[in-house]
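What's in run.cif: mmCIF, C-alpha atoms
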```cif
data_model
#
loop_
_atom_site.label_atom_id
_atom_site.label_comp_id
_atom_site.auth_asym_id
_atom_site.auth_seq_id
_atom_site.Cartn_x
_atom_site.Cartn_y
_atom_site.Cartn_z
CA MET A 229 -5.79 21.55 30.10
CA THR A 230 -5.97 19.39 26.97
CA ALA A 231 -9.00 17.12 26.68
CA ALA A 232 -8.20 13.41 26.58
CA ALA A 233 -8.53 11.81 23.18
CA GLU A 234 -11.55 9.62 22.52
CA LEU A 235 -10.48 6.00 22.19
CA VAL A 236 -12.02 4.00 19.36
CA LYS A 237 -11.47 0.36 18.46
CA MET A 238 -12.07 -0.26 14.77
CA LYS A 239 -12.20 -3.57 12.91
CA ILE A 240 -11.25 -3.04 9.28
CA CYS A 241 -11.54 -5.87 6.77
CA MET A 242 -9.84 -6.07 3.42
CA ALA A 243 -11.93 -7.21 0.47
CA GLY A 244 -11.04 -8.05 -3.10
CA GLU A 245 -9.88 -10.73 -5.46
CA ALA A 246 -6.71 -12.73 -5.06
CA MET A 247 -3.47 -10.99 -6.01
CA VAL A 248 -4.76 -7.42 -5.94
CA GLY A 249 -2.30 -6.58 -3.17
CA LYS A 250 -4.36 -6.72 0.05
CA THR A 251 -1.53 -8.21 2.11
CA SER A 252 1.04 -5.89 0.54
CA LEU A 253 -1.04 -2.84 1.41
CA ILE A 254 -1.23 -3.82 5.08
CA ARG A 255 2.45 -4.67 5.12
CA ARG A 256 3.32 -1.31 3.59
CA TYR A 257 1.01 0.60 5.93
CA VAL A 258 2.05 -1.11 9.16
CA LEU A 259 5.66 -2.16 8.55
CA GLU A 260 6.67 0.18 5.73
CA GLU A 261 7.90 -2.87 3.83
CA TYR A 262 7.23 -4.37 0.44
CA GLU A 263 8.09 -7.76 -1.00
CA ASP A 264 8.09 -8.35 -4.75
CA ARG A 265 7.41 -12.06 -4.54
CA TYR A 266 3.74 -13.01 -4.31
CA THR A 267 2.75 -15.14 -1.33
CA ALA A 268 -0.86 -16.28 -1.27
CA THR A 269 -2.68 -15.61 1.99
CA LEU A 270 -4.06 -18.69 3.69
CA GLY A 271 -6.65 -18.16 6.41
CA THR A 272 -6.87 -14.86 8.23
CA LYS A 273 -4.12 -12.57 9.45
CA ILE A 274 -4.66 -9.81 11.95
CA THR A 275 -2.44 -6.77 12.29
CA LYS A 276 -2.88 -3.90 14.71
CA LYS A 277 -1.98 -0.26 14.37
CA SER A 278 -2.83 2.84 16.34
CA LEU A 279 -3.25 6.28 14.87
CA GLY A 280 -4.50 9.65 15.98
CA VAL A 281 -6.93 11.59 13.81
CA ALA A 282 -9.10 14.66 14.09
CA HIS A 283 -12.75 13.66 14.13
CA PRO A 284 -14.25 14.66 10.76
CA GLN A 285 -17.37 16.14 12.37
CA ASP A 286 -16.01 18.44 15.07
CA GLY A 287 -12.25 18.04 14.99
CA HIS A 288 -11.83 16.53 18.46
CA ARG A 289 -8.89 14.18 18.86
CA VAL A 290 -9.54 10.48 18.37
CA GLU A 291 -7.06 7.71 19.10
CA VAL A 292 -7.99 4.81 16.84
CA ASN A 293 -6.87 1.25 17.53
CA LEU A 294 -7.11 -0.36 14.12
CA ILE A 295 -7.49 -4.11 13.84
CA LEU A 296 -6.75 -4.96 10.23
CA TRP A 297 -8.15 -8.25 8.97
CA ASP A 298 -6.33 -9.60 5.96
CA ILE A 299 -8.54 -12.11 4.26
CA MET A 300 -7.68 -14.59 1.56
CA GLY A 301 -9.13 -13.60 -1.79
CA THR A 302 -10.69 -16.96 -2.60
CA PRO A 303 -14.15 -16.25 -4.06
CA THR A 304 -15.27 -19.88 -3.73
CA LEU A 305 -14.99 -19.72 0.07
CA ARG A 306 -16.26 -16.15 0.41
CA ASP A 307 -19.86 -16.94 1.30
CA LEU A 308 -19.00 -19.85 3.55
CA LEU A 309 -16.59 -17.74 5.60
CA LYS A 310 -18.37 -14.40 5.47
CA GLU A 311 -19.60 -14.52 9.09
CA ALA A 312 -16.15 -15.54 10.28
CA TYR A 313 -14.55 -12.64 8.47
CA TYR A 314 -17.00 -9.77 8.57
CA HIS A 315 -18.84 -10.13 11.88
CA GLY A 316 -18.50 -6.82 13.71
CA ALA A 317 -16.62 -5.05 10.91
CA HIS A 318 -16.66 -1.26 11.16
CA GLY A 319 -15.16 -0.56 7.76
CA ILE A 320 -14.09 -2.24 4.54
CA LEU A 321 -11.10 -1.46 2.36
CA GLY A 322 -12.04 -2.75 -1.10
CA VAL A 323 -9.02 -3.33 -3.31
CA ALA A 324 -8.90 -3.48 -7.10
CA ASP A 325 -5.86 -3.98 -9.33
CA LEU A 326 -5.28 -1.23 -11.90
CA THR A 327 -4.02 -3.81 -14.41
CA ARG A 328 -7.10 -6.12 -14.18
CA GLU A 329 -10.47 -4.47 -14.79
CA GLU A 330 -12.42 -7.51 -13.60
CA THR A 331 -11.09 -6.93 -10.08
CA LEU A 332 -13.14 -3.72 -9.97
CA ARG A 333 -16.37 -5.39 -11.06
CA GLU A 334 -15.83 -8.30 -8.68
CA LEU A 335 -15.94 -5.91 -5.72
CA ASP A 336 -19.73 -5.94 -6.09
CA ALA A 337 -19.80 -9.63 -5.21
CA TRP A 338 -17.61 -9.00 -2.17
CA SER A 339 -19.84 -6.11 -1.15
CA ARG A 340 -23.03 -8.19 -1.44
CA SER A 341 -21.50 -10.88 0.75
CA ILE A 342 -20.31 -8.38 3.36
CA ARG A 343 -23.67 -6.58 3.52
CA THR A 344 -25.48 -9.78 4.50
CA VAL A 345 -23.30 -9.97 7.61
CA ALA A 346 -22.29 -6.42 8.53
CA GLY A 347 -25.06 -4.36 6.91
CA SER A 348 -24.23 -1.12 5.19
CA VAL A 349 -20.69 -0.89 6.48
CA PRO A 350 -18.60 2.12 5.35
CA THR A 351 -16.41 1.17 2.41
CA TYR A 352 -13.40 2.94 0.94
CA MET A 353 -11.94 1.69 -2.30
CA VAL A 354 -8.39 1.71 -3.56
CA VAL A 355 -7.08 0.96 -7.01
CA ASN A 356 -3.72 -0.59 -6.23
CA LYS A 357 -0.58 -1.07 -8.35
CA ALA A 358 -0.71 2.56 -9.47
CA ASP A 359 3.01 2.25 -10.26
CA LEU A 360 2.02 0.06 -13.24
CA GLU A 361 0.29 2.95 -15.01
CA GLY A 362 1.55 1.77 -18.39
CA GLU A 363 -0.37 -1.50 -17.98
CA ALA A 364 -3.60 0.11 -16.76
CA ARG A 365 -6.80 -1.62 -17.86
CA MET A 366 -9.20 0.97 -16.43
CA ASP A 367 -9.27 4.73 -16.54
CA ARG A 368 -10.11 7.31 -13.90
CA GLY A 369 -13.55 7.93 -15.43
CA THR A 370 -14.52 4.25 -15.15
CA ILE A 371 -13.36 4.09 -11.53
CA ASP A 372 -15.05 7.38 -10.68
CA ALA A 373 -18.37 6.21 -12.12
CA PHE A 374 -18.15 2.84 -10.35
CA CYS A 375 -17.42 4.41 -6.97
CA ARG A 376 -19.87 7.29 -7.35
CA ASP A 377 -22.74 4.85 -8.06
CA ARG A 378 -21.92 2.96 -4.88
CA GLY A 379 -20.98 5.88 -2.63
CA TYR A 380 -17.38 4.76 -2.12
CA PRO A 381 -14.63 7.33 -1.63
CA TRP A 382 -11.59 6.06 -3.50
CA SER A 383 -7.96 6.70 -4.35
CA TYR A 384 -4.98 5.17 -6.13
CA THR A 385 -2.34 3.29 -4.13
CA SER A 386 0.92 1.56 -4.77
CA ALA A 387 1.98 -0.91 -2.10
CA LYS A 388 5.25 -1.15 -4.00
CA THR A 389 6.23 2.53 -3.75
CA GLY A 390 4.03 3.37 -0.78
CA ALA A 391 2.22 6.10 -2.70
CA GLY A 392 -1.24 6.82 -1.32
CA VAL A 393 -1.24 3.93 1.16
CA GLU A 394 -1.29 5.84 4.43
CA GLU A 395 -3.79 8.33 3.00
CA ALA A 396 -6.12 5.48 1.97
CA PHE A 397 -6.22 3.82 5.39
CA GLU A 398 -6.68 7.21 7.06
CA GLY A 399 -9.36 8.09 4.52
CA LEU A 400 -11.23 4.93 5.50
CA VAL A 401 -10.88 5.74 9.20
CA ARG A 402 -12.32 9.21 8.63
CA HIS A 403 -15.10 7.71 6.49
CA VAL A 404 -16.02 5.33 9.33
CA LEU A 405 -15.90 8.10 11.96
CA SER A 406 -18.09 10.39 9.86
CA ARG A 407 -20.97 7.87 9.90
CA MET B 933 7.49 -6.27 -18.03
CA ARG B 934 8.51 -4.83 -14.70
CA PRO B 935 8.61 -7.12 -11.72
CA HIS B 936 5.63 -6.82 -9.44
CA ASP B 937 3.97 -8.82 -6.74
CA ASP B 938 1.96 -10.95 -9.14
CA ARG B 939 4.52 -11.26 -11.90
CA ASP B 940 7.42 -13.56 -12.40
CA LEU B 941 10.70 -11.72 -11.97
CA LYS B 942 11.98 -13.14 -15.26
CA GLY B 943 9.13 -11.60 -17.23
CA ALA B 944 6.95 -14.67 -17.62
CA PRO B 945 3.17 -14.25 -17.89
CA PRO B 946 1.40 -13.20 -14.68
CA LEU B 947 1.34 -15.86 -12.03
CA ARG B 948 -1.95 -17.33 -10.89
CA ARG B 949 -2.85 -17.89 -7.28
CA PRO B 950 -2.22 -21.57 -6.64
CA GLU B 951 -5.24 -23.74 -5.89
CA THR B 952 -6.23 -23.25 -2.26
CA SER B 953 -6.35 -27.00 -1.66
CA VAL B 954 -2.78 -27.32 -2.94
CA LEU B 955 -1.61 -24.52 -0.63
CA VAL B 956 -3.30 -26.25 2.30
CA LYS B 957 -1.72 -29.59 1.48
CA GLU B 958 1.75 -28.05 1.17
CA ALA B 959 1.41 -26.13 4.42
CA LEU B 960 0.23 -29.18 6.35
CA ARG B 961 3.04 -31.29 4.92
CA LYS B 962 5.50 -28.82 6.45
CA ASP B 963 3.59 -28.44 9.72
CA ALA B 964 0.63 -30.66 10.61
CA ASN B 965 -0.48 -28.06 13.18
CA ASP B 966 -0.45 -25.06 10.82
CA VAL B 967 -3.59 -23.31 12.06
CA ASP B 968 -4.12 -21.24 8.93
CA ALA B 969 -4.05 -24.35 6.76
CA LEU B 970 -6.27 -26.28 9.20
CA PHE B 971 -8.82 -23.44 9.25
CA VAL B 972 -9.01 -23.41 5.47
CA LEU B 973 -9.10 -27.21 5.35
CA ALA B 974 -12.14 -27.09 7.65
CA ALA B 975 -13.80 -24.69 5.21
CA LEU B 976 -12.92 -26.85 2.19
CA ARG B 977 -14.36 -29.98 3.84
CA ALA B 978 -17.56 -28.13 4.76
CA GLN B 979 -17.83 -26.72 1.26
CA ASP B 980 -17.50 -30.23 -0.14
CA GLY B 981 -20.56 -31.27 1.88
CA HIS B 982 -18.79 -32.60 4.97
CA PRO B 983 -19.57 -30.15 7.81
CA ASP B 984 -18.92 -32.91 10.37
CA GLU B 985 -15.34 -33.25 9.19
CA GLY B 986 -15.09 -29.47 8.99
CA LEU B 987 -16.14 -29.17 12.62
CA THR B 988 -13.66 -31.79 13.77
CA ILE B 989 -10.84 -29.94 12.05
CA LEU B 990 -12.07 -26.59 13.35
CA ASP B 991 -12.08 -27.92 16.90
CA ARG B 992 -8.42 -28.80 16.38
CA VAL B 993 -7.78 -25.22 15.27
CA LEU B 994 -9.42 -23.94 18.45
CA VAL B 995 -7.35 -26.26 20.64
CA ILE B 996 -4.15 -24.95 19.05
CA ASP B 997 -5.29 -21.32 19.02
CA PRO B 998 -8.55 -20.53 20.87
CA GLY B 999 -8.31 -16.96 19.57
CA TYR B 1000 -7.94 -17.81 15.89
CA PRO B 1001 -9.71 -14.94 14.08
CA GLY B 1002 -13.20 -15.83 12.98
CA ALA B 1003 -12.97 -19.48 14.04
CA TRP B 1004 -15.76 -19.32 16.65
CA PHE B 1005 -18.15 -17.65 14.23
CA PHE B 1006 -17.34 -20.26 11.60
CA LYS B 1007 -17.98 -22.94 14.23
CA GLU B 1008 -21.35 -21.31 14.92
CA LYS B 1009 -22.17 -21.53 11.21
CA LEU B 1010 -21.19 -25.19 10.94
CA HIS B 1011 -23.32 -26.08 13.96
CA ARG B 1012 -26.26 -24.23 12.40
CA MET B 1013 -25.72 -26.19 9.17
CA ARG B 1014 -26.15 -29.34 11.30
CA GLY B 1015 -29.21 -27.96 13.09
CA GLU B 1016 -27.38 -27.76 16.42
CA THR B 1017 -28.82 -24.50 17.77
CA ARG B 1018 -27.52 -24.74 21.33
CA GLN B 1019 -23.93 -25.48 20.26
CA ALA B 1020 -24.19 -22.69 17.69
CA GLU B 1021 -25.23 -20.19 20.37
CA THR B 1022 -22.38 -21.30 22.63
CA ALA B 1023 -19.88 -20.87 19.80
CA ARG B 1024 -21.28 -17.42 19.06
CA GLU B 1025 -20.91 -16.37 22.70
CA GLN B 1026 -17.31 -17.59 22.65
CA GLY B 1027 -16.73 -15.62 19.45
CA GLU B 1028 -18.18 -12.44 20.93
CA ALA B 1029 -16.01 -12.84 24.04
CA THR B 1030 -12.86 -13.63 22.06
CA GLU B 1031 -13.15 -10.76 19.62
CA ALA B 1032 -14.46 -8.12 22.07
#
```
Kindly return the structure encoded in the file as structure tokens.
Amino acid sequence: MTAAAELVKMKICMAGEAMVGKTSLIRRYVLEEYEDRYTATLGTKITKKSLGVAHPQDGHRVEVNLILWDIMGTPTLRDLLKEAYYHGAHGILGVADLTREETLRELDAWSRSIRTVAGSVPTYMVVNKADLEGEARMDRGTIDAFCRDRGYPWSYTSAKTGAGVEEAFEGLVRHVLSR
Amino acid sequence: MRPHDDRDLKGAPPLRRPETSVLVKEALRKDANDVDALFVLAALRAQDGHPDEGLTILDRVLVIDPGYPGAWFFKEKLHRMRGETRQAETAREQGEATEA
């Protein structure tokens, strides 16, 4: 007889500056869609998705109900709304834009804000817009050093092509489960 | 330049995110009960030093959508800013129940 899967509810919050592709990443992951035209996020959008994974510690089957919180990337409202956004978060997907180096550095400010509400919550980082390699403003070494110093696993994604998107969300889920 | 989500399709310089207050105004012009816009308007009013107005607007959000993500915890914060501990605790309990 097969053992029933463990059921886990997981609140995942996006973090990162405006226009790095947070909404596009969720849209690609959940709906397998991409829209070229930028639409600024206003308020908070919640999307749900279920996935089955092997637990990283002993391999038992886990059915994860993901609740993805898409959050507007307005730094001026970040601290005011941090409790509203990050209360009860189990994991953070930090997003930087390959073509704007400052979006990597700014993740520290997001992280500081999140820690005051959710503590040391597991964070996975993606460098999005990997399809724009020719316009890259940061190299792998810079990203590696940034993430190593902070203990973030990371990977490249392209919401436009879909490359690395599913792997990133699943990487975050495994990172959360391994804590 | 190739089109992308933050670039004009005709190759103009990268677009900037419009001012949040402008986005709110536009959204409310189209729909006075747009909960996303009302939620952000509540935050903007509180940020401008008017938590009372923020709370009034937030209460409207919660009438339209009692489950609006994060709204109860934001309400808790605004009550704390006004020194209203009991109301803050009630809002927190509502938030915990809503997002459980």
Within 9 Å of chain B: each chain A residue with its shortest pair, only C-alpha atoms, as a tab-separated table:
```
residue	atom	partner	partner_atom	distance
A:Ala246	CA	B:Arg949	CA	6.8
A:Met247	CA	B:Asp938	CA	6.3
A:Val248	CA	B:Asp938	CA	8.2
A:Gly249	CA	B:Asp937	CA	7.6
A:Ser252	CA	B:Asp937	CA	8.4
A:Glu263	CA	B:Asp937	CA	7.1
A:Asp264	CA	B:Asp937	CA	4.6
A:Arg265	CA	B:Asp937	CA	5.2
A:Tyr266	CA	B:Asp937	CA	4.8
A:Thr267	CA	B:Asp937	CA	8.4
A:Ala268	CA	B:Arg949	CA	6.5
A:Leu270	CA	B:Asp968	CA	5.8
A:Gly271	CA	B:Asp968	CA	4.7
A:Thr272	CA	B:Pro1001	CA	6.5
A:Lys273	CA	B:Pro1001	CA	7.6
A:Ile274	CA	B:Pro1001	CA	7.5
A:Trp297	CA	B:Pro1001	CA	8.6
A:Thr302	CA	B:Thr952	CA	7.7
A:Thr304	CA	B:Gln979	CA	8.8
A:Leu305	CA	B:Ala975	CA	7.2
A:Leu308	CA	B:Ala975	CA	7.3
A:Leu309	CA	B:Phe1006	CA	6.6
A:Lys310	CA	B:Phe1006	CA	8.5
A:Glu311	CA	B:Phe1005	CA	6.2
A:Ala312	CA	B:Gly1002	CA	4.0
A:Tyr313	CA	B:Gly1002	CA	5.7
A:Tyr314	CA	B:Gly1002	CA	8.4
A:His315	CA	B:Phe1005	CA	7.9
A:Gly316	CA	B:Glu1031	CA	8.9
A:Lys357	CA	B:His936	CA	8.5
A:Leu360	CA	B:Arg934	CA	8.3
A:Lys388	CA	B:His936	CA	7.9
```
* To do: Go through A:Met242, A:Val292, A:Ala233, A:Met353 and flag the residue nearest A:Val401, using only C-alpha atoms for the distances.
  =>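 Nearest candidate to A:Val401 out of A:Met242, A:Val292, A:Ala233, A:Met353: A:Val292.
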* To do: Please evaluate the PyMOL selection byres ((chain B and resi 1011) around 10) against the structure above and give the resulting residues as JSON, numbers by chain.
  => {"B": [983, 984, 987, 1005, 1006, 1007, 1008, 1009, 1010, 1012, 1013, 1014, 1015, 1016, 1017, 1018, 1019, 1020, 1021, 1022, 1023]}
* **Hits of the PyMOL selection byres ((chain A and resi 397) around 12) in this structure, as a VMD selection string** => chain A and resid 238 240 to 242 250 253 to 254 256 to 258 277 to 279 281 292 294 to 296 319 to 323 351 to 354 381 to 385 390 to 396 398 to 404
Set up a box along x, y and z of the file covering all listed atoms of stretch 249-256 of chain A, add 8 Å on every one of the six sides, and write the centre and edge lengths in Å to one decimal, as JSON.
```
{"center_x": -0.5, "center_y": -4.8, "center_z": 1.0, "size_x": 23.7, "size_y": 22.9, "size_z": 24.3}
```
* Quick one: apply the PyMOL selection byres ((chain A and resi 335) around 9) to the file and drop the selected residues here as a list in words. =>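 This file gives the following for the PyMOL selection byres ((chain A and resi 335) around 9): Ala243, Gly244, Glu245, Gly322, Val323, Ala324, Glu330, Thr331, Leu332, Arg333, Glu334, Asp336, Ala337, Trp338, Ser339 and Arg340 of chain A.
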* Asked: Between atom CA of A:Ser348 and atom CA of A:Pro284, what is the spacing in Å?
  -> 19.5 Å
* Please indicate the distance in Å from atom CA of A:Arg328 to atom CA of A:Asp359, rounded to one decimal place. =>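 That distance, rounded to one decimal, is 13.7 Å.
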* Enter the distance from atom CA of A:Gln285 to atom CA of A:Ala317, in Å, rounded to one decimal. => 21.3 Å
